[in-house]
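Source file: entry-v5.txt; contents: compact mmCIF, C-alpha atoms.
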# COMPACT_ATOMS: atom_id res chain seq x y z
CA MET M 1 190.01 52.31 29.58
CA THR M 2 191.13 48.83 30.57
CA ARG M 3 188.91 47.24 33.14
CA LEU M 4 189.69 44.65 35.79
CA LEU M 5 186.32 42.94 35.93
CA ASP M 6 183.84 41.93 33.22
CA GLN M 7 186.62 41.24 30.74
CA PRO M 8 187.61 37.94 29.15
CA ASP M 9 190.50 36.49 31.14
CA ILE M 10 192.94 35.75 28.36
CA LEU M 11 196.20 33.88 28.59
CA ALA M 12 198.67 35.77 26.40
CA PRO M 13 202.45 36.09 26.37
CA LEU M 14 203.71 38.54 28.99
CA PRO M 15 204.98 41.91 27.85
CA ARG M 16 208.72 42.51 28.08
CA VAL M 17 209.36 44.17 31.40
CA ASP M 18 212.41 45.44 33.22
CA HIS M 19 213.42 47.89 35.89
CA GLY M 20 211.61 50.68 34.00
CA LEU M 21 208.26 49.26 35.10
CA ILE M 22 209.00 50.36 38.66
CA ASP M 23 209.35 53.94 37.42
CA ALA M 24 206.05 53.59 35.56
CA ILE M 25 204.42 52.26 38.75
CA GLU M 26 205.78 55.24 40.62
CA ARG M 27 204.50 57.71 38.00
CA ALA M 28 201.09 56.03 38.18
CA ARG M 29 201.20 56.51 41.97
CA LEU M 30 199.97 52.97 42.45
CA VAL M 31 199.35 52.06 46.09
CA GLY M 32 198.67 48.66 47.65
CA ARG M 33 195.01 47.63 47.65
CA GLY M 34 195.13 45.23 50.56
CA GLY M 35 194.31 47.99 53.03
CA ALA M 36 197.52 49.76 53.98
CA SER M 37 197.73 51.84 50.76
CA PHE M 38 201.52 51.60 50.79
CA PRO M 39 203.26 52.92 47.64
CA VAL M 40 203.98 49.93 45.40
CA ALA M 41 207.12 51.33 43.76
CA THR M 42 208.79 51.84 47.17
CA LYS M 43 208.14 48.25 48.12
CA TRP M 44 209.38 46.87 44.78
CA ARG M 45 212.60 48.93 44.93
CA ALA M 46 213.34 47.67 48.43
CA VAL M 47 213.05 44.06 47.25
CA GLU M 48 214.86 44.66 43.96
CA HIS M 49 217.96 46.09 45.65
CA ARG M 50 218.36 43.05 47.83
CA SER M 51 217.12 40.35 45.45
CA HIS M 52 220.24 39.03 43.67
CA GLY M 53 217.99 36.49 42.00
CA ARG M 54 216.65 34.97 45.20
CA ALA M 55 213.60 37.13 45.98
CA VAL M 56 210.16 35.64 46.65
CA VAL M 57 206.82 37.05 45.48
CA VAL M 58 203.80 36.29 47.63
CA VAL M 59 200.44 36.75 45.91
CA ASN M 60 198.27 37.86 48.81
CA GLY M 61 194.70 36.65 48.38
CA ALA M 62 194.04 36.04 52.08
CA GLU M 63 191.23 38.65 52.14
CA GLY M 64 190.57 38.31 55.86
CA GLU M 65 188.46 41.47 56.07
CA PRO M 66 185.01 39.96 56.65
CA GLN M 67 183.05 42.47 54.55
CA SER M 68 185.42 42.57 51.59
CA LYS M 69 184.69 40.37 48.58
CA LYS M 70 186.68 42.03 45.82
CA ASP M 71 189.86 39.97 46.04
CA ARG M 72 188.09 36.63 45.79
CA LEU M 73 185.92 37.90 42.93
CA LEU M 74 189.02 39.04 41.07
CA MET M 75 190.82 35.72 41.64
CA THR M 76 187.71 33.83 40.55
CA THR M 77 187.04 35.80 37.37
CA ARG M 78 190.49 37.11 36.32
CA PRO M 79 193.02 34.55 37.56
CA HIS M 80 195.32 35.04 34.56
CA LEU M 81 195.41 38.78 35.11
CA VAL M 82 196.48 38.22 38.73
CA LEU M 83 199.05 35.61 37.67
CA ASP M 84 200.34 38.00 34.97
CA GLY M 85 200.96 40.56 37.70
CA ALA M 86 202.76 37.97 39.83
CA PHE M 87 205.04 36.77 37.02
CA ILE M 88 205.74 40.34 35.94
CA ALA M 89 206.76 41.10 39.53
CA ALA M 90 208.93 37.97 39.56
CA ARG M 91 210.71 39.08 36.37
CA VAL M 92 211.30 42.67 37.44
CA LEU M 93 212.46 41.66 40.91
CA ARG M 94 214.41 38.64 39.63
CA ALA M 95 212.52 36.38 42.01
CA ARG M 96 213.02 32.62 42.11
CA ARG M 97 209.69 31.76 43.70
CA VAL M 98 206.04 32.78 43.60
CA ILE M 99 203.68 31.72 46.37
CA LEU M 100 199.90 31.89 46.00
CA TYR M 101 198.54 32.67 49.47
CA ILE M 102 194.77 32.36 49.27
CA GLY M 103 192.17 32.42 52.05
CA GLU M 104 191.32 28.83 53.00
CA ARG M 105 187.60 29.52 52.72
CA HIS M 106 187.83 31.18 49.30
CA SER M 107 187.56 27.85 47.51
CA ALA M 108 186.17 29.18 44.19
CA ALA M 109 189.02 31.70 44.04
CA ARG M 110 191.60 29.04 44.82
CA ASP M 111 190.21 26.57 42.26
CA SER M 112 190.13 29.23 39.58
CA MET M 113 193.70 30.36 40.32
CA LEU M 114 195.04 26.80 40.31
CA ARG M 115 193.16 25.98 37.10
CA ALA M 116 194.63 29.04 35.43
CA LEU M 117 198.08 28.15 36.74
CA ALA M 118 197.82 24.71 35.12
CA GLN M 119 197.43 26.47 31.75
CA ARG M 120 200.64 28.48 32.13
CA SER M 121 204.01 27.51 30.74
CA GLU M 122 206.11 24.92 32.51
CA LEU M 123 208.74 27.54 33.28
CA GLU M 124 206.13 29.58 35.14
CA ARG M 125 204.45 26.62 36.84
CA ASN M 126 207.75 25.37 38.19
CA ILE M 127 208.34 28.38 40.41
CA VAL M 128 204.85 28.50 41.94
CA THR M 129 203.59 26.94 45.15
CA TYR M 130 200.26 27.36 46.89
CA ALA M 131 199.48 27.94 50.56
CA ALA M 132 196.07 28.19 52.23
CA ALA M 133 195.77 31.31 54.39
CA PRO M 134 194.04 30.67 57.73
CA ALA M 135 190.64 32.40 58.00
CA ARG M 136 191.74 34.94 60.57
CA TYR M 137 191.60 38.69 60.39
CA VAL M 138 195.34 39.23 60.84
CA ALA M 139 196.43 36.35 58.55
CA GLY M 140 196.76 38.71 55.58
CA ALA M 141 199.03 41.19 57.33
CA GLU M 142 202.52 41.06 55.80
CA ALA M 143 204.39 39.97 58.89
CA ALA M 144 201.80 37.27 59.63
CA VAL M 145 202.02 36.02 56.04
CA ILE M 146 205.78 35.58 56.33
CA HIS M 147 205.47 33.96 59.76
CA PHE M 148 202.91 31.50 58.43
CA LEU M 149 204.93 30.57 55.34
CA ASN M 150 208.08 30.06 57.41
CA ASP M 151 206.74 28.50 60.60
CA GLY M 152 203.10 27.63 59.98
CA VAL M 153 201.81 30.23 62.43
CA ALA M 154 199.79 33.10 60.99
CA THR M 155 200.45 35.57 63.78
CA PRO M 156 202.31 38.85 63.35
CA VAL M 157 205.91 39.09 64.52
CA ASN M 158 208.01 42.04 65.56
CA ILE M 159 209.23 44.23 62.71
CA PRO M 160 211.92 44.96 61.66
CA PRO M 161 213.06 42.84 59.93
CA TYR M 162 210.65 43.81 57.17
CA PRO M 163 209.69 41.20 54.58
CA PHE M 164 211.85 42.99 52.00
CA GLU M 165 214.82 42.46 54.32
CA ARG M 166 214.15 38.97 55.58
CA GLY M 167 211.00 37.25 54.37
CA VAL M 168 210.21 33.75 53.21
CA GLU M 169 213.13 31.49 54.15
CA GLY M 170 215.14 34.61 54.88
CA ALA M 171 214.95 35.88 51.29
CA PRO M 172 213.83 39.41 50.34
CA THR M 173 210.09 39.03 49.85
CA LEU M 174 207.37 41.04 48.15
CA VAL M 175 203.94 40.48 49.68
CA GLN M 176 201.40 42.07 47.36
CA ASN M 177 197.61 42.08 47.29
CA VAL M 178 195.97 40.42 44.27
CA GLU M 179 194.17 43.56 43.08
CA THR M 180 197.43 45.47 43.20
CA LEU M 181 199.11 42.79 41.04
CA ALA M 182 196.22 43.01 38.56
CA HIS M 183 196.75 46.77 38.27
CA VAL M 184 200.46 46.17 37.68
CA ALA M 185 199.64 43.69 34.91
CA ILE M 186 197.37 46.19 33.16
CA LEU M 187 199.96 48.94 33.51
CA ALA M 188 202.68 46.69 32.06
CA ARG M 189 200.48 45.61 29.14
CA THR M 190 198.87 48.89 28.17
CA GLY M 191 201.07 51.59 29.68
CA GLU M 192 197.87 53.07 31.07
CA ALA M 193 197.84 54.32 34.65
CA PRO M 194 195.40 52.05 36.47
CA ASN M 195 192.97 54.67 37.71
CA ARG M 196 190.26 52.20 38.54
CA VAL M 197 189.53 50.58 41.85
CA LEU M 198 187.51 47.68 43.22
CA ILE M 199 185.16 48.42 46.09
CA THR M 200 182.75 46.31 48.10
CA LEU M 201 179.46 48.03 48.98
CA VAL M 202 177.67 46.60 52.02
CA GLY M 203 174.84 47.53 54.36
CA GLY M 204 171.93 49.75 53.42
CA VAL M 205 172.34 49.74 49.65
CA THR M 206 169.93 48.26 47.13
CA ARG M 207 172.53 46.06 45.46
CA PRO M 208 175.41 45.20 47.80
CA GLY M 209 178.49 43.64 46.24
CA VAL M 210 181.73 44.33 44.40
CA PHE M 211 181.95 47.20 41.93
CA GLU M 212 184.69 48.52 39.76
CA VAL M 213 184.73 52.30 39.63
CA ASP M 214 186.86 55.07 38.25
CA SER M 215 188.97 56.51 41.07
CA ARG M 216 187.44 59.96 40.45
CA THR M 217 184.00 58.57 41.34
CA THR M 218 182.50 59.85 44.57
CA ILE M 219 180.89 57.55 47.12
CA THR M 220 177.45 58.94 46.21
CA GLN M 221 178.00 58.21 42.53
CA ALA M 222 179.16 54.68 43.30
CA ILE M 223 176.11 54.03 45.46
CA ASN M 224 173.78 55.47 42.82
CA GLN M 225 175.39 53.29 40.15
CA SER M 226 174.54 50.30 42.29
CA GLY M 227 170.89 51.16 42.72
CA GLY M 228 171.02 53.68 45.56
CA LEU M 229 170.25 53.49 49.26
CA THR M 230 167.52 51.39 50.82
CA GLU M 231 166.69 54.19 53.27
CA PRO M 232 168.38 57.35 54.58
CA ALA M 233 171.87 56.63 55.90
CA ARG M 234 173.00 57.35 59.44
CA ALA M 235 176.74 56.92 58.78
CA VAL M 236 179.25 55.43 56.36
CA LEU M 237 182.09 53.12 57.30
CA VAL M 238 184.95 53.74 54.88
CA GLY M 239 187.72 51.15 54.70
CA GLY M 240 186.05 48.25 56.50
CA TYR M 241 186.77 47.30 60.11
CA PHE M 242 190.19 48.89 59.82
CA GLY M 243 188.61 52.10 58.58
CA SER M 244 186.63 54.97 60.02
CA TRP M 245 183.01 55.98 60.41
CA MET M 246 182.03 59.19 58.68
CA ASP M 247 178.94 61.37 58.72
CA PRO M 248 177.06 60.78 55.47
CA HIS M 249 177.32 64.39 54.32
CA GLU M 250 181.10 64.17 54.68
CA ALA M 251 181.35 60.76 53.06
CA TRP M 252 179.16 61.32 49.99
CA GLY M 253 181.56 63.66 48.22
CA MET M 254 184.65 61.60 49.00
CA ARG M 255 186.42 60.28 45.90
CA LEU M 256 187.30 56.61 45.70
CA ASP M 257 190.94 57.41 45.06
CA PRO M 258 193.22 54.97 46.89
CA SER M 259 196.27 57.23 46.64
CA ALA M 260 194.47 60.22 48.17
CA SER M 261 191.94 58.95 50.68
CA ARG M 262 191.45 56.55 53.54
CA LEU M 263 189.94 53.93 51.31
CA GLY M 264 191.72 50.99 52.94
CA CYS M 265 190.65 47.70 51.39
CA GLY M 266 187.75 49.42 49.59
CA VAL M 267 184.84 48.36 51.79
CA ILE M 268 182.12 51.03 51.95
CA GLY M 269 179.52 50.15 54.57
CA VAL M 270 176.32 52.14 54.84
CA LEU M 271 174.55 52.16 58.20
CA PRO M 272 170.82 52.80 57.64
CA SER M 273 169.20 55.23 60.05
CA SER M 274 166.84 52.57 61.37
CA ARG M 275 169.74 50.50 62.72
CA CYS M 276 171.28 51.03 66.16
CA ALA M 277 174.81 52.40 65.79
CA VAL M 278 175.83 51.44 69.34
CA CYS M 279 174.88 47.80 68.89
CA GLU M 280 176.61 47.67 65.50
CA VAL M 281 179.83 49.14 66.90
CA ALA M 282 179.70 46.76 69.87
CA ALA M 283 179.39 43.72 67.58
CA ILE M 284 182.35 44.80 65.46
CA MET M 285 184.49 45.60 68.51
CA ARG M 286 183.79 42.16 69.94
CA TYR M 287 184.85 40.67 66.62
CA LEU M 288 188.08 42.70 66.50
CA ALA M 289 188.87 41.73 70.11
CA ALA M 290 188.36 38.05 69.30
CA GLU M 291 190.64 38.43 66.28
CA SER M 292 193.55 39.65 68.39
CA SER M 293 196.28 37.08 67.99
CA ALA M 294 196.67 37.24 71.79
CA GLN M 295 200.39 37.86 71.71
CA CYS M 296 200.57 41.37 73.14
CA GLY M 297 198.86 42.20 76.43
CA PRO M 298 197.58 45.68 75.57
CA CYS M 299 195.84 44.34 72.43
CA PHE M 300 194.50 41.12 73.95
CA PHE M 301 193.22 42.64 77.20
CA GLY M 302 192.61 46.16 75.92
CA LEU M 303 190.45 45.25 72.94
CA ARG M 304 188.51 42.73 75.00
CA ALA M 305 187.82 45.38 77.65
CA LEU M 306 186.76 47.85 74.96
CA GLY M 307 184.48 45.28 73.35
CA ASP M 308 182.96 44.45 76.73
CA ALA M 309 182.46 48.14 77.52
CA CYS M 310 180.64 48.72 74.21
CA THR M 311 178.54 45.65 74.84
CA ARG M 312 177.69 46.88 78.31
CA ILE M 313 176.46 50.21 76.95
CA ALA M 314 174.56 48.43 74.19
CA GLY M 315 172.89 46.05 76.63
CA GLN M 316 172.41 48.22 79.73
CA GLY M 317 172.29 51.74 78.37
CA SER M 318 174.67 54.65 78.34
CA ASN M 319 177.05 55.17 81.22
CA PRO M 320 179.36 58.18 81.44
CA GLU M 321 181.90 56.31 83.59
CA VAL M 322 182.18 53.50 81.06
CA LEU M 323 182.48 56.00 78.23
CA LYS M 324 185.29 57.84 80.00
CA ARG M 325 187.15 54.57 80.52
CA MET M 326 186.70 53.71 76.86
CA GLN M 327 188.27 57.02 75.83
CA ARG M 328 191.23 56.43 78.11
CA TRP M 329 191.75 52.81 77.05
CA SER M 330 191.53 53.76 73.36
CA ALA M 331 194.33 56.26 73.81
CA GLU M 332 196.43 53.84 75.87
CA VAL M 333 196.15 50.82 73.59
CA ARG M 334 197.32 52.63 70.47
CA ALA M 335 200.82 51.79 69.21
CA ARG M 336 201.35 49.16 71.91
CA GLY M 337 201.20 45.99 69.83
CA ALA M 338 203.74 44.28 67.60
CA CYS M 339 201.36 44.80 64.67
CA LYS M 340 198.75 47.41 63.76
CA HIS M 341 195.72 45.38 64.85
CA PRO M 342 195.13 47.30 68.10
CA ASP M 343 195.75 50.63 66.34
CA GLY M 344 193.19 49.84 63.66
CA ALA M 345 190.63 48.70 66.22
CA VAL M 346 190.91 51.82 68.38
CA MET M 347 190.89 54.08 65.34
CA PHE M 348 187.66 52.40 64.30
CA LEU M 349 186.26 52.90 67.81
CA SER M 350 187.42 56.51 68.10
CA SER M 351 185.68 57.37 64.84
CA ALA M 352 182.55 55.64 66.14
CA LEU M 353 182.61 57.60 69.42
CA GLN M 354 182.96 60.79 67.41
CA VAL M 355 180.29 60.16 64.77
CA PHE M 356 177.90 58.40 67.18
CA GLY M 357 178.68 60.61 70.20
CA ASP M 358 174.98 61.34 70.80
CA GLU M 359 173.96 57.71 70.50
CA PHE M 360 176.66 56.54 72.92
CA ALA M 361 175.72 59.29 75.38
CA SER M 362 171.99 58.57 75.32
CA HIS M 363 171.69 54.90 74.39
CA ARG M 364 168.91 52.90 76.02
CA PRO M 365 168.73 49.13 75.98
CA HIS M 366 166.44 47.72 73.33
CA ALA M 367 163.39 45.71 74.17
CA LYS M 368 163.95 42.04 73.29
CA SER M 369 161.58 42.27 70.34
CA GLU M 370 163.51 45.02 68.58
CA GLN M 371 166.96 43.50 68.96
CA VAL M 372 168.47 42.91 65.56
CA ARG M 373 171.64 41.43 64.16
CA LEU M 374 173.19 44.33 62.42
CA SER M 375 176.02 43.27 60.23
CA ALA M 376 175.14 43.35 56.57
CA MET T 377 211.52 50.07 73.77
CA ILE T 378 209.41 47.10 74.69
CA ASP T 379 209.05 43.81 72.86
CA ARG T 380 205.27 43.61 73.12
CA ILE T 381 205.16 39.94 72.26
CA LYS T 382 207.68 38.96 74.94
CA CYS T 383 206.24 41.25 77.61
CA ASP T 384 204.19 39.29 80.13
CA GLY T 385 203.07 42.19 82.29
CA ARG T 386 205.17 41.26 85.33
CA GLY T 387 205.36 44.95 86.19
CA LEU T 388 208.89 45.03 87.59
CA CYS T 389 209.93 47.80 85.21
CA ALA T 390 207.27 50.17 86.52
CA GLU T 391 208.46 49.56 90.09
CA LEU T 392 212.08 50.20 89.18
CA LEU T 393 211.44 53.20 86.97
CA PRO T 394 208.13 54.83 87.95
CA GLU T 395 209.45 58.14 86.62
CA LEU T 396 209.08 56.85 83.04
CA ILE T 397 206.97 53.70 83.17
CA ARG T 398 203.45 53.24 84.45
CA LEU T 399 201.18 50.24 84.11
CA ASP T 400 197.86 50.08 82.30
CA ASP T 401 194.76 48.50 83.87
CA TRP T 402 196.02 45.03 82.96
CA GLY T 403 199.55 45.48 84.27
CA TYR T 404 201.34 46.16 80.98
CA PRO T 405 203.84 48.99 80.79
CA ILE T 406 203.16 52.37 79.20
CA LEU T 407 206.35 54.26 78.42
CA THR T 408 206.72 58.00 78.59
CA SER T 409 207.68 59.06 75.10
CA GLY T 410 210.96 60.72 74.30
CA PRO T 411 214.55 60.03 75.33
CA VAL T 412 215.51 58.86 78.81
CA PRO T 413 217.01 61.79 80.78
CA ASP T 414 220.67 61.25 81.66
CA HIS T 415 220.12 61.11 85.43
CA LEU T 416 217.66 58.22 84.99
CA LEU T 417 219.88 56.16 82.70
CA PRO T 418 221.27 53.91 85.48
CA LEU T 419 217.74 53.17 86.70
CA ALA T 420 216.55 52.54 83.17
CA GLN T 421 219.45 50.14 82.60
CA ARG T 422 218.45 48.30 85.77
CA ALA T 423 214.85 48.00 84.59
CA VAL T 424 216.17 46.52 81.35
CA ASP T 425 218.52 44.09 83.11
CA ASP T 426 215.96 42.96 85.68
CA CYS T 427 213.03 42.29 83.34
CA PRO T 428 212.28 38.59 83.96
CA VAL T 429 211.38 37.96 80.32
CA LEU T 430 213.99 40.29 78.76
CA ALA T 431 211.32 42.31 76.99
CA ILE T 432 212.81 45.79 77.42
CA ALA T 433 215.74 47.34 75.65
CA LEU T 434 217.29 50.76 75.65
CA ARG T 435 217.70 52.16 72.18
CA ARG T 436 220.18 54.81 71.23
CA SER T 437 218.10 57.64 69.81
CA VAL T 438 218.80 58.57 66.24
CA PRO T 439 219.78 62.21 65.94
CA GLU T 440 217.25 64.09 63.84
CA LYS T 441 218.35 65.12 60.40
Would you write out, as structure tokens, the structure that this file holds?
Amino acid sequence: MTRLLDQPDILAPLPRVDHGLIDAIERARLVGRGGASFPVATKWRAVEHRSHGRAVVVVNGAEGEPQSKKDRLLMTTRPHLVLDGAFIAARVLRARRVILYIGERHSAARDSMLRALAQRSELERNIVTYAAAPARYVAGAEAAVIHFLNDGVATPVNIPPYPFERGVEGAPTLVQNVETLAHVAILARTGEAPNRVLITLVGGVTRPGVFEVDSRTTITQAINQSGGLTEPARAVLVGGYFGSWMDPHEAWGMRLDPSASRLGCGVIGVLPSSRCAVCEVAAIMRYLAAESSAQCGPCFFGLRALGDACTRIAGQGSNPEVLKRMQRWSAEVRARGACKHPDGAVMFLSSALQVFGDEFASHRPHAKSEQVRLSA
Amino acid sequence: MIDRIKCDGRGLCAELLPELIRLDDWGYPILTSGPVPDHLLPLAQRAVDDCPVLAIALRRSVPEK
């Protein structure tokens, strides 16, 4: 089994690749690992059809999800593997440019990628440029990536046009997460279906951090492999801030299979039972509201109102009127932004209201002394 | 359909076409889903034409396969 992490990062000639790789990607049912889990083969075909030798490949290492660390670890430790994936994509899609789009705060990842790039052939180096991704939550979303590379503004735009139709400088563009590209590189080299996945464990686990697991692994097994829980869990957040809360007994048996589950970007957050769920949810909702790019009214005002409402319950205790408003706003905000930011935020909140229904209905303000910062 | 980035929440559309458009708590339009009934088409066209920021458009619905 070929692993992503804990392997020497060797620079070796690329395997011969052609159109057939897209079929292999499809057979392997590879999906994007940036969070949206979109089928990779579909995206590649859309770019390939339109390319005519002018396509652009964007290596997406923005990793704006605050709890996720796997992309920067991969770029730091396996830069050649990621670059292999990018150049393989460029060959198959007949692209003329590759752009490394790396989170501006991920300096170790950037340095490692640029160092590795300097070791590549001149032919490869000549088609690559680098761009620093702003440290904002939405900066890694495809449409925002294209907007930033074209106009210097990392806010989402209306779609269509999709990046595969009109992307960087109007050319058909593939925006692909770095882990996804690494999987492609392994598939192209070995012919093996990449049935491994990178996850980031956070919260009430003994050893938080990035782990590489077989995609048949369950969440329990992954947590046990990393030293187990620090105390009984109250809930599990699967997929990071764009994901959903689950009851532990439902989450434990879930397999870490990106093509079958709501794994998102692979963040698994464990909320220990001693922590206050309402305060945790309120903090994350405030964050998501602040990360609205403030372009669409329903997202900008709606998420702020929802964050304020959570905060009010957290600070002043439960309030059925406020809760009712939150339910209504959550339903109204959905699907009313140019991008999926509001949808993700209200899905996160809806799952919280479901799993933590009792807590939201009976929450009492904490005494000053027991107030705690909750994020892991 | 509404261009959510252009829309400024002026609210004119909801006044011109209350049958299909209501405003949320911040003054931004919420559309009733589904096609516009024929008898409302002239009013819908007026809501489109009169939007001060040109954020609404009528879209021909794609027949289902």
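For the pair CA of Lys70 in chain M and CA of Ala118 in chain M, the separation is 23.2 Å.
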Can you measure CA of Ala290 in chain M to CA of Ser244 in chain M for me? One decimal in Å is fine.
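Computed distance, CA of Ala290 in chain M to CA of Ser244 in chain M, equals 19.4 Å.
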Quick one: residues within 12 Å of Pro156 in chain M, all atoms listed in the file, excluding same-chain residues fewer than 6 positions away - as a compact mmCIF listing (two decimals) with C-alpha atoms, keeping the file's coordinate frame?
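Full text of around_26.txt as output:
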# COMPACT_ATOMS: atom_id res chain seq x y z
CA ARG M 136 191.74 34.94 60.57
CA TYR M 137 191.60 38.69 60.39
CA VAL M 138 195.34 39.23 60.84
CA ALA M 139 196.43 36.35 58.55
CA GLY M 140 196.76 38.71 55.58
CA ALA M 141 199.03 41.19 57.33
CA GLU M 142 202.52 41.06 55.80
CA ALA M 143 204.39 39.97 58.89
CA ALA M 144 201.80 37.27 59.63
CA VAL M 145 202.02 36.02 56.04
CA ILE M 146 205.78 35.58 56.33
CA HIS M 147 205.47 33.96 59.76
CA PHE M 148 202.91 31.50 58.43
CA LEU M 149 204.93 30.57 55.34
CA TYR M 162 210.65 43.81 57.17
CA PRO M 163 209.69 41.20 54.58
CA SER M 292 193.55 39.65 68.39
CA SER M 293 196.28 37.08 67.99
CA ALA M 294 196.67 37.24 71.79
CA GLN M 295 200.39 37.86 71.71
CA CYS M 296 200.57 41.37 73.14
CA GLY M 337 201.20 45.99 69.83
CA ALA M 338 203.74 44.28 67.60
CA CYS M 339 201.36 44.80 64.67
CA LYS M 340 198.75 47.41 63.76
CA HIS M 341 195.72 45.38 64.85
CA ARG T 380 205.27 43.61 73.12
CA ILE T 381 205.16 39.94 72.26
Compile the residues of chain T that lie within 8 Å of chain M, evaluated using all atoms listed in the file, and express the compilation as an MDAnalysis selection string.
chainID T and resid 379:385 400 402 404 406
Grab the residues selected above and save them as a PDB file, in the frame of the given file with C-alpha atoms.
ATOM      1  CA  ASP T 379     209.050  43.810  72.860  1.00  0.00           C
ATOM      2  CA  ARG T 380     205.270  43.610  73.120  1.00  0.00           C
ATOM      3  CA  ILE T 381     205.160  39.940  72.260  1.00  0.00           C
ATOM      4  CA  LYS T 382     207.680  38.960  74.940  1.00  0.00           C
ATOM      5  CA  CYS T 383     206.240  41.250  77.610  1.00  0.00           C
ATOM      6  CA  ASP T 384     204.190  39.290  80.130  1.00  0.00           C
ATOM      7  CA  GLY T 385     203.070  42.190  82.290  1.00  0.00           C
ATOM      8  CA  ASP T 400     197.860  50.080  82.300  1.00  0.00           C
ATOM      9  CA  TRP T 402     196.020  45.030  82.960  1.00  0.00           C
ATOM     10  CA  TYR T 404     201.340  46.160  80.980  1.00  0.00           C
ATOM     11  CA  ILE T 406     203.160  52.370  79.200  1.00  0.00           C
TER      12      ILE T 406
END
For Gly266 in chain M, work out the shell of residues within 12 Å, counting only C-alpha atoms and skipping chain neighbours fewer than 2 positions away, then give it as a ChimeraX atom specification.
/M:32-37,63,65,67-71,179,196-202,209-213,215,219,222,237-244,255-259,261-264,268-269
Hey, which of M:Gly315, M:Gly103, M:Pro66, M:Pro194 ends up closest to Thr180 in chain M? Count all atoms listed in the file.
M:Pro194
Taking only C-alpha atoms into account, which of T:Asp425, T:Leu430, T:Gly410, T:Glu395 comes nearest Ile378 in chain T?
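Of T:Asp425, T:Leu430, T:Gly410, T:Glu395, the one nearest Ile378 in chain T, counting only C-alpha atoms, is T:Leu430.
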Long-range neighbours of Arg91 in chain M as a PyMOL selection string, 9 Å cut-off, all atoms listed in the file, 4 positions minimum in chain:
chain M and resi 17-18+86-87+95-96
For the residues selected in the previous step, produce a file with C-alpha atoms as a PDB file, keeping the file's coordinate frame.
ATOM      1  CA  VAL M  17     209.360  44.170  31.400  1.00  0.00           C
ATOM      2  CA  ASP M  18     212.410  45.440  33.220  1.00  0.00           C
ATOM      3  CA  ALA M  86     202.760  37.970  39.830  1.00  0.00           C
ATOM      4  CA  PHE M  87     205.040  36.770  37.020  1.00  0.00           C
ATOM      5  CA  ALA M  95     212.520  36.380  42.010  1.00  0.00           C
ATOM      6  CA  ARG M  96     213.020  32.620  42.110  1.00  0.00           C
TER       7      ARG M  96
END
Minimum-distance residue to Leu93 in chain M, chosen among M:Leu174, M:Val59, M:Val128, M:Leu30 (using only C-alpha atoms):
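Among the listed residues, the smallest separation from Leu93 in chain M belongs to M:Leu174.
Nearest residue to Leu392 in chain T, choosing from T:Val429, T:Ala423, T:Leu434, T:Leu417 and counting all atoms listed in the file: T:Ala423.
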Separation of CA of Gly20 in chain M and CA of Ile88 in chain M, in Å?
12.0 Å
Determine the axis-aligned bounding box of all atoms of range 173-188 of chain M present in the file, pad each side by 4 Å, and express its centre and edge lengths in Å to one decimal place as lines of an AutoDock Vina configuration file.
center_x = 202.1
center_y = 44.0
center_z = 41.0
size_x = 23.9
size_y = 17.9
size_z = 25.8
Looking at M:Thr76, M:Gln327, M:Val184, M:Asn60, which one is nearest to Ala131 in chain M, with distances taken over all atoms listed in the file?
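Checking each of M:Thr76, M:Gln327, M:Val184, M:Asn60 against Ala131 in chain M, counting all atoms listed in the file, the winner is M:Asn60.
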Need the shell around Ala331 in chain M: protein/DNA/RNA residues with any atom at most 10 Å away, counting all atoms listed in the file. Skip same-chain ones fewer than 2 positions apart. Format as a ChimeraX atom specification?
/M:325-329,333-335,343,346-347,350
Would you fill the gaps in range 404-411 of chain T so it has N, CA and C atoms, then print it as a compact mmCIF listing (two decimals), in the frame of the given file?
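Saved as part-v8.txt:
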# COMPACT_ATOMS: atom_id res chain seq x y z
N TYR T 404 200.32 46.06 82.04
CA TYR T 404 201.34 46.16 80.98
C TYR T 404 201.89 47.58 80.92
N PRO T 405 203.18 47.69 80.68
CA PRO T 405 203.84 48.99 80.79
C PRO T 405 203.46 49.99 79.70
N ILE T 406 203.33 51.24 80.13
CA ILE T 406 203.16 52.37 79.20
C ILE T 406 204.38 53.27 79.39
N LEU T 407 205.13 53.46 78.33
CA LEU T 407 206.35 54.26 78.42
C LEU T 407 206.06 55.73 78.17
N THR T 408 206.74 56.59 78.92
CA THR T 408 206.72 58.00 78.59
C THR T 408 207.51 58.18 77.31
N SER T 409 206.97 58.94 76.37
CA SER T 409 207.68 59.06 75.10
C SER T 409 208.88 59.99 75.24
N GLY T 410 209.77 59.87 74.29
CA GLY T 410 210.96 60.72 74.30
C GLY T 410 212.15 60.03 74.92
N PRO T 411 213.33 60.66 74.83
CA PRO T 411 214.55 60.03 75.33
C PRO T 411 214.58 59.96 76.86
